[in-house]
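Text of the file input.tsv, holding TSV, C-alpha atoms:
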chain	number	residue	atom	x	y	z
A	130	MET	CA	-5.03	17.95	14.37
A	131	GLN	CA	-6.98	15.89	11.82
A	132	PHE	CA	-6.12	12.18	11.67
A	133	GLU	CA	-8.39	11.06	8.85
A	134	PRO	CA	-6.37	9.81	5.85
A	135	GLY	CA	-6.63	12.22	2.97
A	136	VAL	CA	-7.25	15.24	5.19
A	137	PRO	CA	-4.55	17.91	4.71
A	138	THR	CA	-2.45	18.80	7.73
A	139	GLN	CA	-2.26	22.31	9.12
A	140	GLY	CA	0.66	24.44	7.91
A	141	GLU	CA	3.81	22.49	7.14
A	142	GLY	CA	2.72	19.16	8.59
A	143	ILE	CA	3.17	15.73	7.01
A	144	PRO	CA	-0.16	14.14	6.00
A	145	LEU	CA	-0.83	10.44	6.29
A	146	CYS	CA	-1.98	9.72	2.74
A	147	VAL	CA	-3.20	12.37	0.30
A	148	PRO	CA	-3.82	12.31	-3.47
A	149	CYS	CA	-1.21	12.99	-6.10
A	150	ILE	CA	-2.59	15.23	-8.86
A	151	GLN	CA	0.13	15.69	-11.46
A	152	GLY	CA	-1.16	14.56	-14.85
A	153	ASN	CA	-4.07	15.28	-17.17
A	154	GLU	CA	-6.73	15.69	-14.47
A	155	TRP	CA	-7.34	19.40	-15.18
A	156	LYS	CA	-7.39	18.84	-18.94
A	157	TYR	CA	-9.88	15.95	-18.85
A	158	VAL	CA	-12.19	17.57	-16.29
A	159	LYS	CA	-12.21	20.76	-18.37
A	160	GLU	CA	-13.22	18.68	-21.38
A	161	CYS	CA	-16.24	17.45	-19.41
A	162	LEU	CA	-17.19	21.02	-18.54
A	163	ASP	CA	-16.63	22.29	-22.06
A	164	THR	CA	-18.77	19.54	-23.61
A	165	ASN	CA	-21.43	19.51	-20.86
A	166	TRP	CA	-20.85	15.78	-20.13
A	167	VAL	CA	-20.89	16.19	-16.36
A	168	SER	CA	-23.37	13.60	-15.07
A	169	SER	CA	-23.50	9.80	-14.85
A	170	ALA	CA	-22.92	9.12	-18.53
A	171	GLY	CA	-20.25	10.14	-20.96
A	172	PRO	CA	-17.13	9.03	-22.76
A	173	PHE	CA	-14.86	9.15	-19.73
A	174	VAL	CA	-17.08	6.70	-17.81
A	175	ASP	CA	-16.75	4.20	-20.64
A	176	CYS	CA	-13.01	4.83	-20.95
A	177	PHE	CA	-12.38	4.49	-17.21
A	178	GLU	CA	-14.27	1.20	-17.09
A	179	ARG	CA	-12.26	-0.17	-20.01
A	180	ARG	CA	-8.94	0.97	-18.51
A	181	ILE	CA	-9.65	-0.74	-15.19
A	182	ALA	CA	-10.88	-3.98	-16.81
A	183	ASP	CA	-7.83	-4.14	-19.07
A	184	TYR	CA	-5.46	-3.40	-16.20
A	185	VAL	CA	-6.94	-5.98	-13.86
A	186	GLY	CA	-7.49	-8.55	-16.60
A	187	THR	CA	-11.26	-8.96	-16.49
A	188	GLU	CA	-13.83	-8.80	-19.25
A	189	TYR	CA	-16.17	-6.33	-17.58
A	190	ALA	CA	-16.03	-3.29	-15.32
A	191	ILE	CA	-18.91	-1.20	-13.97
A	192	ALA	CA	-18.14	2.22	-12.49
A	193	VAL	CA	-20.05	3.21	-9.34
A	194	VAL	CA	-20.17	6.08	-6.90
A	195	ASN	CA	-17.91	4.54	-4.22
A	196	GLY	CA	-16.37	1.30	-2.98
A	197	THR	CA	-19.22	0.58	-0.59
A	198	ALA	CA	-21.75	0.78	-3.44
A	199	ALA	CA	-19.53	-1.61	-5.39
A	200	LEU	CA	-19.50	-4.09	-2.50
A	201	HIS	CA	-23.25	-3.87	-1.96
A	202	THR	CA	-23.94	-4.45	-5.65
A	203	ALA	CA	-21.39	-7.25	-5.97
A	204	LEU	CA	-22.97	-9.16	-3.10
A	205	LEU	CA	-26.42	-8.74	-4.65
A	206	VAL	CA	-25.36	-10.05	-8.06
A	207	ALA	CA	-23.49	-12.91	-6.38
A	208	GLY	CA	-26.84	-14.08	-5.04
A	209	VAL	CA	-26.50	-13.16	-1.36
A	210	GLN	CA	-29.98	-12.90	0.18
A	211	PRO	CA	-31.45	-11.87	3.52
A	212	ASP	CA	-30.44	-14.22	6.36
A	213	ASP	CA	-27.55	-15.69	4.38
A	214	GLU	CA	-24.08	-15.70	5.93
A	215	VAL	CA	-20.93	-14.29	4.36
A	216	LEU	CA	-17.44	-15.01	5.68
A	217	VAL	CA	-15.53	-11.72	5.90
A	218	SER	CA	-12.25	-10.40	7.28
A	219	THR	CA	-12.70	-8.89	10.73
A	220	LEU	CA	-9.57	-6.73	10.36
A	221	THR	CA	-10.91	-4.30	7.79
A	222	PHE	CA	-12.53	-0.96	7.30
A	223	VAL	CA	-16.22	-1.38	8.13
A	224	ALA	CA	-17.56	-1.00	4.56
A	225	PRO	CA	-17.70	-4.68	3.48
A	226	VAL	CA	-19.47	-5.67	6.68
A	227	ASN	CA	-21.95	-2.82	6.32
A	228	ALA	CA	-22.63	-3.97	2.75
A	229	ILE	CA	-23.44	-7.47	4.00
A	230	ARG	CA	-25.93	-6.02	6.47
A	231	TYR	CA	-27.52	-3.74	3.83
A	232	ILE	CA	-28.83	-6.93	2.24
A	233	GLY	CA	-30.02	-8.33	5.56
A	234	ALA	CA	-27.32	-11.01	5.47
A	235	TRP	CA	-24.96	-11.79	8.35
A	236	PRO	CA	-21.17	-11.54	8.64
A	237	VAL	CA	-19.08	-14.44	9.90
A	238	PHE	CA	-15.92	-12.78	11.20
A	239	ILE	CA	-12.65	-14.44	10.23
A	240	ASP	CA	-9.41	-13.62	12.04
A	241	ALA	CA	-6.25	-12.28	10.41
A	242	GLU	CA	-3.12	-14.38	10.01
A	243	PRO	CA	-0.18	-13.02	12.05
A	244	ASP	CA	2.51	-12.53	9.40
A	245	TYR	CA	0.88	-10.43	6.67
A	246	TRP	CA	-2.36	-9.51	8.49
A	247	GLN	CA	-4.77	-10.78	5.83
A	248	MET	CA	-7.78	-13.10	6.20
A	249	ASP	CA	-6.52	-16.40	7.67
A	250	PRO	CA	-7.27	-19.14	5.10
A	251	GLN	CA	-7.02	-21.88	7.71
A	252	LYS	CA	-9.75	-20.23	9.78
A	253	VAL	CA	-11.95	-20.16	6.67
A	254	VAL	CA	-11.31	-23.84	6.00
A	255	ASP	CA	-11.89	-24.77	9.63
A	256	PHE	CA	-15.23	-22.96	9.82
A	257	LEU	CA	-16.59	-24.41	6.59
A	258	ASN	CA	-15.36	-27.96	7.22
A	259	ASN	CA	-16.16	-28.24	10.91
A	260	LYS	CA	-18.90	-25.73	11.74
A	261	CYS	CA	-21.13	-26.16	8.71
A	262	ASN	CA	-23.05	-29.03	7.11
A	263	TRP	CA	-25.03	-29.74	3.97
A	264	HIS	CA	-28.77	-29.17	4.00
A	265	GLY	CA	-30.02	-30.48	0.68
A	266	GLU	CA	-27.75	-28.83	-1.87
A	267	GLU	CA	-26.82	-25.88	0.35
A	268	LEU	CA	-24.22	-25.34	3.04
A	269	HIS	CA	-25.58	-24.22	6.40
A	270	ASP	CA	-24.02	-22.94	9.59
A	271	LYS	CA	-24.60	-25.63	12.26
A	272	MET	CA	-25.03	-23.07	15.04
A	273	THR	CA	-27.42	-20.62	13.35
A	274	GLY	CA	-28.99	-22.85	10.72
A	275	ARG	CA	-28.49	-20.11	8.13
A	276	ARG	CA	-27.26	-20.70	4.58
A	277	VAL	CA	-23.61	-19.85	3.96
A	278	LYS	CA	-23.47	-18.16	0.57
A	279	ALA	CA	-20.20	-16.32	0.01
A	280	ILE	CA	-16.67	-15.52	1.13
A	281	LEU	CA	-15.52	-11.90	1.14
A	282	PRO	CA	-11.74	-11.65	1.70
A	283	VAL	CA	-10.40	-8.12	2.06
A	284	HIS	CA	-6.94	-7.42	0.64
A	285	ILE	CA	-5.94	-4.87	3.27
A	286	LEU	CA	-3.22	-2.22	3.10
A	287	GLY	CA	-2.25	-3.02	-0.48
A	288	HIS	CA	-1.25	-6.64	0.18
A	289	PRO	CA	-3.10	-9.65	-1.31
A	290	CYS	CA	-4.71	-12.36	0.78
A	291	ASP	CA	-3.42	-15.93	0.40
A	292	MET	CA	-6.10	-16.75	-2.12
A	293	ASP	CA	-5.44	-20.30	-3.37
A	294	PRO	CA	-6.76	-22.12	-0.27
A	295	ILE	CA	-9.70	-19.70	-0.07
A	296	LEU	CA	-10.52	-20.24	-3.74
A	297	GLU	CA	-10.27	-24.02	-3.34
A	298	ILE	CA	-12.62	-24.19	-0.37
A	299	ALA	CA	-15.06	-21.80	-2.08
A	300	ARG	CA	-15.20	-24.09	-5.10
A	301	ASN	CA	-15.58	-27.19	-2.91
A	302	TYR	CA	-18.69	-25.74	-1.30
A	303	ASP	CA	-20.01	-23.79	-4.33
A	304	LEU	CA	-19.67	-20.45	-2.57
A	305	ALA	CA	-19.41	-17.13	-4.35
A	306	LEU	CA	-16.05	-15.41	-3.85
A	307	VAL	CA	-16.30	-11.62	-3.74
A	308	GLU	CA	-12.92	-9.87	-3.52
A	309	ASP	CA	-12.71	-6.60	-1.62
A	310	ALA	CA	-9.72	-5.07	-3.40
A	311	THR	CA	-10.68	-1.52	-2.46
A	312	GLU	CA	-7.26	-0.87	-0.90
A	313	SER	CA	-5.16	-2.90	-3.30
A	314	LEU	CA	-5.45	-1.88	-6.95
A	315	GLY	CA	-2.26	-3.09	-8.64
A	316	ALA	CA	-1.38	-5.76	-6.09
A	317	ARG	CA	-0.64	-9.24	-7.41
A	318	TYR	CA	-0.92	-12.76	-6.01
A	319	LYS	CA	1.40	-15.30	-7.64
A	320	GLY	CA	1.51	-13.15	-10.75
A	321	ARG	CA	-2.26	-12.62	-10.93
A	322	MET	CA	-3.89	-9.24	-10.32
A	323	VAL	CA	-6.13	-8.89	-7.30
A	324	GLY	CA	-9.63	-8.36	-8.62
A	325	SER	CA	-9.23	-11.14	-11.17
A	326	LEU	CA	-8.97	-14.01	-8.68
A	327	GLY	CA	-12.55	-14.56	-7.51
A	328	ASP	CA	-15.98	-14.36	-9.12
A	329	ILE	CA	-16.39	-10.62	-8.76
A	330	ALA	CA	-14.34	-7.85	-7.16
A	331	CYS	CA	-14.54	-4.26	-6.00
A	332	PHE	CA	-12.20	-1.27	-6.03
A	333	SER	CA	-12.36	2.14	-4.35
A	334	PHE	CA	-11.09	5.50	-5.58
A	335	ASN	CA	-11.57	7.47	-2.39
A	336	GLY	CA	-9.26	10.42	-1.80
A	337	ASN	CA	-6.73	8.38	0.15
A	338	LYS	CA	-6.45	5.46	-2.30
A	339	ILE	CA	-3.52	4.90	-4.65
A	340	ILE	CA	-5.53	6.53	-7.44
A	341	THR	CA	-8.54	8.69	-6.77
A	342	THR	CA	-11.63	10.13	-8.39
A	343	GLY	CA	-12.44	12.04	-5.20
A	344	GLY	CA	-14.99	9.35	-4.49
A	345	GLY	CA	-15.80	6.41	-6.69
A	346	GLY	CA	-15.63	2.65	-7.08
A	347	MET	CA	-15.56	-0.13	-9.63
A	348	ILE	CA	-16.99	-3.63	-9.94
A	349	VAL	CA	-15.04	-6.09	-12.12
A	350	THR	CA	-15.94	-9.61	-13.22
A	351	ASN	CA	-15.63	-12.13	-16.04
A	352	ASN	CA	-19.26	-13.16	-15.63
A	353	GLU	CA	-21.27	-11.45	-18.37
A	354	ALA	CA	-24.64	-12.05	-16.71
A	355	TRP	CA	-23.38	-10.64	-13.42
A	356	ALA	CA	-21.90	-7.60	-15.17
A	357	LYS	CA	-25.20	-6.87	-16.93
A	358	ARG	CA	-27.12	-7.22	-13.69
A	359	ALA	CA	-24.67	-4.97	-11.83
A	360	ARG	CA	-25.09	-2.27	-14.48
A	361	TYR	CA	-28.88	-2.70	-14.32
A	362	LEU	CA	-29.05	-2.42	-10.52
A	363	THR	CA	-26.71	0.56	-10.32
A	364	THR	CA	-28.77	2.58	-12.84
A	365	GLN	CA	-32.05	2.41	-10.89
A	366	ALA	CA	-33.07	-0.91	-12.49
A	367	LYS	CA	-34.55	0.72	-15.57
A	368	ASP	CA	-36.56	-1.77	-17.63
A	369	ASP	CA	-37.82	0.94	-19.95
A	370	PRO	CA	-35.86	4.19	-19.59
A	371	ILE	CA	-38.26	6.08	-21.87
A	372	GLU	CA	-41.46	5.10	-20.06
A	373	TYR	CA	-39.72	4.88	-16.66
A	374	ILE	CA	-40.66	1.27	-15.99
A	375	HIS	CA	-38.91	-0.38	-13.04
A	376	ASN	CA	-39.61	-4.04	-12.21
A	377	GLU	CA	-37.07	-4.24	-9.37
A	378	ILE	CA	-35.62	-1.98	-6.72
A	379	GLY	CA	-32.50	-0.34	-8.11
A	380	TYR	CA	-29.86	2.07	-6.86
A	381	ASN	CA	-28.51	5.43	-7.98
A	382	TYR	CA	-24.93	4.24	-7.86
A	383	ARG	CA	-23.40	5.45	-11.14
A	384	LEU	CA	-20.13	7.37	-11.28
A	385	THR	CA	-20.16	10.81	-12.92
A	386	ASN	CA	-18.27	11.59	-16.11
A	387	ILE	CA	-16.29	14.30	-14.25
A	388	GLN	CA	-15.07	11.78	-11.67
A	389	ALA	CA	-14.30	9.24	-14.38
A	390	ALA	CA	-12.25	11.87	-16.25
A	391	MET	CA	-10.10	12.24	-13.17
A	392	GLY	CA	-9.83	8.46	-12.91
A	393	VAL	CA	-8.62	8.14	-16.51
A	394	ALA	CA	-5.90	10.70	-15.80
A	395	GLN	CA	-4.91	8.94	-12.59
A	396	MET	CA	-4.69	5.55	-14.35
A	397	GLU	CA	-2.07	7.04	-16.67
A	398	ASN	CA	0.24	7.35	-13.64
A	399	LEU	CA	-0.76	4.26	-11.66
A	400	ASP	CA	2.41	2.25	-12.27
A	401	GLU	CA	4.50	5.27	-11.29
A	402	TYR	CA	2.48	5.63	-8.09
A	403	ILE	CA	2.96	1.96	-7.22
A	404	THR	CA	6.71	2.28	-7.73
A	405	ALA	CA	6.70	5.29	-5.42
A	406	LYS	CA	4.73	3.42	-2.75
A	407	ARG	CA	7.13	0.48	-2.87
A	408	THR	CA	10.11	2.82	-2.61
A	409	ILE	CA	8.56	4.50	0.44
A	410	ALA	CA	8.03	1.08	2.04
A	411	GLU	CA	11.61	0.04	1.33
A	412	THR	CA	12.90	3.27	2.88
A	413	TYR	CA	10.88	2.78	6.06
A	414	SER	CA	11.69	-0.92	6.37
A	415	LYS	CA	15.45	-0.40	6.02
A	416	ALA	CA	15.47	2.56	8.40
A	417	LEU	CA	13.38	0.89	11.12
A	418	LYS	CA	14.45	-2.76	10.97
A	419	ASP	CA	16.98	-2.40	13.80
A	420	VAL	CA	14.76	-0.37	16.15
A	421	PRO	CA	13.89	-2.46	19.23
A	422	GLY	CA	10.17	-3.18	19.42
A	423	ILE	CA	9.40	-2.13	15.83
A	424	THR	CA	8.24	-4.75	13.30
A	425	PRO	CA	8.19	-3.32	9.77
A	426	MET	CA	5.51	-4.32	7.28
A	427	ARG	CA	6.34	-7.50	5.33
A	428	GLU	CA	5.55	-8.90	1.90
A	429	ALA	CA	4.65	-12.58	1.50
A	430	GLU	CA	6.47	-14.85	-0.92
A	431	GLY	CA	4.59	-14.78	-4.21
A	432	ALA	CA	2.89	-11.49	-3.30
A	433	PHE	CA	3.38	-8.09	-4.88
A	434	SER	CA	2.13	-5.42	-2.48
A	435	THR	CA	1.39	-1.83	-3.41
A	436	TYR	CA	2.00	-0.85	0.24
A	437	TRP	CA	-1.04	1.40	0.06
A	438	MET	CA	-0.78	2.24	3.77
A	439	TYR	CA	2.66	1.57	5.27
A	440	THR	CA	2.13	0.09	8.73
A	441	ILE	CA	4.39	-1.03	11.57
A	442	LEU	CA	3.83	-3.04	14.74
A	443	ILE	CA	5.01	-1.61	18.06
A	444	ASN	CA	5.91	-3.80	21.04
A	445	LYS	CA	5.55	-1.48	24.03
A	446	GLU	CA	7.82	-3.55	26.31
A	447	LYS	CA	10.72	-3.32	23.87
A	448	TYR	CA	10.03	0.09	22.32
A	449	GLY	CA	9.07	1.89	25.51
A	450	ILE	CA	5.79	3.47	24.44
A	451	ASP	CA	2.74	2.02	22.69
A	452	ASN	CA	1.27	2.88	19.31
A	453	ARG	CA	-1.28	5.39	20.63
A	454	GLN	CA	1.43	7.20	22.58
A	455	LEU	CA	3.57	7.35	19.45
A	456	LEU	CA	0.54	8.61	17.48
A	457	ARG	CA	0.15	11.50	19.93
A	458	LEU	CA	3.85	12.29	19.88
A	459	LEU	CA	3.86	12.39	16.09
A	460	ALA	CA	0.72	14.56	16.14
A	461	ASP	CA	2.44	17.02	18.48
A	462	ASN	CA	4.99	17.40	15.69
A	463	ASN	CA	2.26	17.76	13.03
A	464	ILE	CA	2.83	14.31	11.57
A	465	GLN	CA	-0.30	12.27	10.85
A	466	SER	CA	-0.50	8.56	11.67
A	467	ARG	CA	-3.29	6.17	12.59
A	468	PRO	CA	-3.89	2.77	14.19
A	469	LEU	CA	-5.59	0.00	12.26
A	470	TRP	CA	-9.35	-0.28	12.44
A	471	GLN	CA	-11.17	-1.71	15.41
A	472	PRO	CA	-11.77	-5.35	14.40
A	473	ILE	CA	-15.36	-5.40	13.28
A	474	HIS	CA	-16.33	-8.31	15.55
A	475	LEU	CA	-15.78	-5.84	18.43
A	476	SER	CA	-18.05	-3.18	16.90
A	477	LYS	CA	-21.34	-2.51	18.66
A	478	ALA	CA	-22.87	-1.95	15.24
A	479	HIS	CA	-22.13	-5.57	14.30
A	480	LYS	CA	-22.45	-7.37	17.62
A	481	ASP	CA	-25.10	-9.70	16.17
A	482	GLY	CA	-22.80	-11.23	13.55
A	483	VAL	CA	-21.25	-14.67	13.92
A	484	ILE	CA	-18.30	-13.89	16.17
A	485	LEU	CA	-15.45	-16.38	16.23
A	486	SER	CA	-12.25	-16.05	18.24
A	487	CYS	CA	-10.08	-13.38	16.57
A	488	PRO	CA	-7.05	-12.77	18.83
A	489	VAL	CA	-4.65	-11.89	16.03
A	490	ALA	CA	-6.83	-9.05	14.75
A	491	GLU	CA	-7.21	-7.72	18.27
A	492	ARG	CA	-3.45	-7.75	18.82
A	493	LEU	CA	-2.82	-6.04	15.49
A	494	ASN	CA	-5.30	-3.31	16.37
A	495	ALA	CA	-3.51	-2.84	19.69
A	496	ASP	CA	0.01	-2.70	18.19
A	497	ALA	CA	-0.20	-1.33	14.63
A	498	LEU	CA	0.40	2.21	13.43
A	499	SER	CA	0.28	3.46	9.83
A	500	LEU	CA	2.86	6.10	8.89
A	501	PRO	CA	2.79	8.89	6.29
A	502	CYS	CA	3.07	7.33	2.83
A	503	SER	CA	1.56	9.70	0.28
A	504	VAL	CA	2.86	9.12	-3.24
A	505	GLY	CA	4.24	12.66	-3.16
A	506	ILE	CA	6.00	12.47	0.22
A	507	THR	CA	9.45	14.05	0.00
A	508	GLN	CA	12.74	12.54	1.14
A	509	ASP	CA	13.02	15.21	3.83
A	510	GLU	CA	9.56	14.34	5.11
A	511	LEU	CA	10.39	10.63	5.16
A	512	GLU	CA	13.55	11.35	7.11
A	513	SER	CA	11.57	13.45	9.59
A	514	VAL	CA	9.10	10.61	10.20
A	515	VAL	CA	11.87	8.03	10.47
A	516	GLY	CA	13.75	10.22	12.92
A	517	MET	CA	10.69	10.64	15.14
A	518	VAL	CA	9.93	6.91	15.12
A	519	ARG	CA	13.54	5.87	15.72
A	520	TYR	CA	14.01	8.14	18.69
A	521	SER	CA	10.54	8.40	20.21
A	522	CYS	CA	11.25	5.33	22.31
A	523	PHE	CA	13.42	7.58	24.50
A	524	TYR	CA	10.42	9.73	25.44
A	525	ARG	CA	8.44	8.70	28.49
A	526	GLY	CA	6.26	11.75	29.12
A	527	VAL	CA	3.84	11.10	26.28

What is this file in structure tokens?
Amino acid sequence: MQFEPGVPTQGEGIPLCVPCIQGNEWKYVKECLDTNWVSSAGPFVDCFERRIADYVGTEYAIAVVNGTAALHTALLVAGVQPDDEVLVSTLTFVAPVNAIRYIGAWPVFIDAEPDYWQMDPQKVVDFLNNKCNWHGEELHDKMTGRRVKAILPVHILGHPCDMDPILEIARNYDLALVEDATESLGARYKGRMVGSLGDIACFSFNGNKIITTGGGGMIVTNNEAWAKRARYLTTQAKDDPIEYIHNEIGYNYRLTNIQAAMGVAQMENLDEYITAKRTIAETYSKALKDVPGITPMREAEGAFSTYWMYTILINKEKYGIDNRQLLRLLADNNIQSRPLWQPIHLSKAHKDGVILSCPVAERLNADALSLPCSVGITQDELESVVGMVRYSCFYRGV
């Protein structure tokens, strides 16, 4: 059985998280084909950018080919350079850390906080206050001697990070704040949209995200100069597009008009999708709150989560089996689930980053399991998943 989010199950199975295509997607894509606007320019690209900027509450939006391209570009325009350090969530999909390394910069891995599983603000404050010092007008890591340039909090699973203390410390030390909101379009922190909180932010529209363009991403910012530079870099850094003059290395990162057409259609249903996700989360949380050893996903005070990927914690001693055993039992019944990512400080690919103690992220990886939560999941499917989770603790032969 396939476990990758967005991959259809075999037969009548229940997928983990697949797209919902129910609006004007066919109509808008057909318009692209009928008018021959199929490549990386066209009216739907402009429209999609404007829709995202207006929704998030930023002045500028630049559409790109995927979320990783958005992160790479955002770090570049934020001024991150080779051998700089960037503080980043260790409990995340690998993309933001890969983007840091694309530049030749180094990740400083920050643990998750235990209640809502986001970047721990106190760990950020502790590192910057106690493990760094000023060297001229720049902040440097005492241990490595490298310049600390940016903070990259990742709003995981549709829930916002606790941003105020992170924003305050970033301003105190003149650090760029790059939001990875790739999993959290529509989430809010104290009434403010994620993506509008820092200096620049990134979204993803991969097939498993709350809205999708198949693949695709977006950079948003209120900084006009940064927006112009992001657009310049993502269109091969053309200084003279007629004579093909390029004074810098650029990237072929632009989104196609066909993908943007799909994105425009998906945006028309975004609020409906968020409502559906929150209803799914409420159903799971109510149904599982009294199951011994199960901790349902929580929402912080002042936070508005989209519950992109509904996730529970499993205490093996109380529940009877661990999360991987439950994953296999669900798979035997053609129900997809998945654990959270390996914390990136444990990845062999990133063993040379600045590795701090991250016990919370390691525990969450050991205990967490994400359950089926597609926007289009039916009530019968939800009841099937709930039934399996409620009563799987009685199985011992997994």

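Of the listed residues (A:Thr164, A:Ser434, A:Gln388, A:Ser513), A:Ser434 comes nearest to A:Leu314; the distances count all atoms listed in the file.
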
Nearest candidate to A:Asn444 (options A:Ala234, A:Leu493, A:Ile229, A:Leu296; using all atoms listed in the file): A:Leu493

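Residues with any atom within 9 Å of A:Arg321, counting all atoms listed in the file and excluding same-chain neighbours fewer than 5 positions away, are Val185, Gly186, Ala316 and Leu326 of chain A.
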
Using all atoms listed in the file, find each residue in stretch 273-369 of chain A having at least one atom no more than 9 Å away from stretch 410-429 of chain A; report its shortest atom-to-atom pair and that distance in Å (one decimal), rows by chain then rising number, as JSON lines.
{"residue": "A:His288", "atom": "CA", "partner": "A:Glu428", "partner_atom": "CA", "distance": 7.4}
{"residue": "A:Pro289", "atom": "CA", "partner": "A:Ala429", "partner_atom": "CA", "distance": 8.7}
{"residue": "A:Asp291", "atom": "CA", "partner": "A:Ala429", "partner_atom": "CA", "distance": 8.8}

For those residues, write C-alpha atoms to a file as a compact mmCIF listing (two decimals), keeping the file's coordinate frame.
# COMPACT_ATOMS: atom_id res chain seq x y z
CA HIS A 288 -1.25 -6.64 0.18
CA PRO A 289 -3.10 -9.65 -1.31
CA ASP A 291 -3.42 -15.93 0.40

Point (-28.7, -1.4, -8.7), cut-off 8 Å, counting all atoms listed in the file, residues as a ChimeraX atom specification: /A:202,358-366,378-382

Which of A:Val147, A:Ala198, A:Val515, A:Ile339 sits closest to A:Glu401 [using all atoms listed in the file]: A:Ile339

Around stretch 449-468 of chain A, with edges along x, y and z and 8 Å added on all six sides, what centre and edge lengths do you get, in Å to one decimal, as AutoDock Vina command-line options?
--center_x 2.6 --center_y 9.8 --center_z 18.2 --size_x 29.0 --size_y 31.9 --size_z 30.7

Determine, counting all atoms listed in the file, which protein, DNA and RNA residues have an atom within 12 Å of an atom of A:Glu297; residues of the same chain fewer than 4 positions away are not included. Present the result as an mmCIF file with C-alpha atoms, in the frame of the given file.
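Result file follows (part.cif):
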data_model
loop_
_atom_site.group_PDB
_atom_site.id
_atom_site.type_symbol
_atom_site.label_atom_id
_atom_site.label_comp_id
_atom_site.auth_asym_id
_atom_site.auth_seq_id
_atom_site.Cartn_x
_atom_site.Cartn_y
_atom_site.Cartn_z
ATOM 1 C CA PRO A 250 -7.270 -19.140 5.100
ATOM 2 C CA GLN A 251 -7.020 -21.880 7.710
ATOM 3 C CA VAL A 253 -11.950 -20.160 6.670
ATOM 4 C CA VAL A 254 -11.310 -23.840 6.000
ATOM 5 C CA LEU A 257 -16.590 -24.410 6.590
ATOM 6 C CA ILE A 280 -16.670 -15.520 1.130
ATOM 7 C CA ASP A 291 -3.420 -15.930 0.400
ATOM 8 C CA MET A 292 -6.100 -16.750 -2.120
ATOM 9 C CA ASP A 293 -5.440 -20.300 -3.370
ATOM 10 C CA ASN A 301 -15.580 -27.190 -2.910
ATOM 11 C CA TYR A 302 -18.690 -25.740 -1.300
ATOM 12 C CA ASP A 303 -20.010 -23.790 -4.330
ATOM 13 C CA LEU A 304 -19.670 -20.450 -2.570
ATOM 14 C CA ALA A 305 -19.410 -17.130 -4.350
ATOM 15 C CA LEU A 306 -16.050 -15.410 -3.850
ATOM 16 C CA LEU A 326 -8.970 -14.010 -8.680
ATOM 17 C CA GLY A 327 -12.550 -14.560 -7.510
#

Residues within 6 Å of stretch 241-248 of chain A, all atoms listed in the file, excluding chain neighbours under 4 positions, as a VMD selection string: chain A and resid 218 290 489 to 490

Contacts of A:Asp183 within 12 Å, only C-alpha atoms, excl. fewer than 6 positions in-chain, as a list of chain:residue names: A:Cys176, A:Phe177, A:Tyr189, A:Ala190, A:Gly315, A:Met322, A:Gly324, A:Ser325, A:Val349, A:Thr350, A:Asn351, A:Met396

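Residue nearest A:Lys338, chosen from A:Pro148, A:Arg230, A:Tyr373, A:Tyr184 and counting only C-alpha atoms: A:Pro148.
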
Selection near A:Ala478, 12 Å with all atoms listed in the file, sequence-local residues under 5 positions removed, as a ChimeraX atom specification: /A:223-224,226-227,230,236,471-473

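The gap separating atom CA of A:Cys146 from atom CA of A:Leu459 is 14.8 Å, in Å to one decimal.
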
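Rounded to one decimal, atom CA of A:Asn463 and atom CA of A:Lys447 lie 25.2 Å from each other.
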
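Here the question is which of A:Asp240, A:Glu491, A:Ile450, A:Ile409 gets nearest to A:Gln508 using all atoms listed in the file, and that residue is A:Ile409.
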
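Interatomic distance, atom CA of A:Tyr520 to atom CA of A:Ala460: 15.0 Å.
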
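With distances taken over all atoms listed in the file, A:Lys278 is the one residue among A:Asn398, A:Arg179, A:Lys278, A:Ile443 lying closest to A:Arg300.
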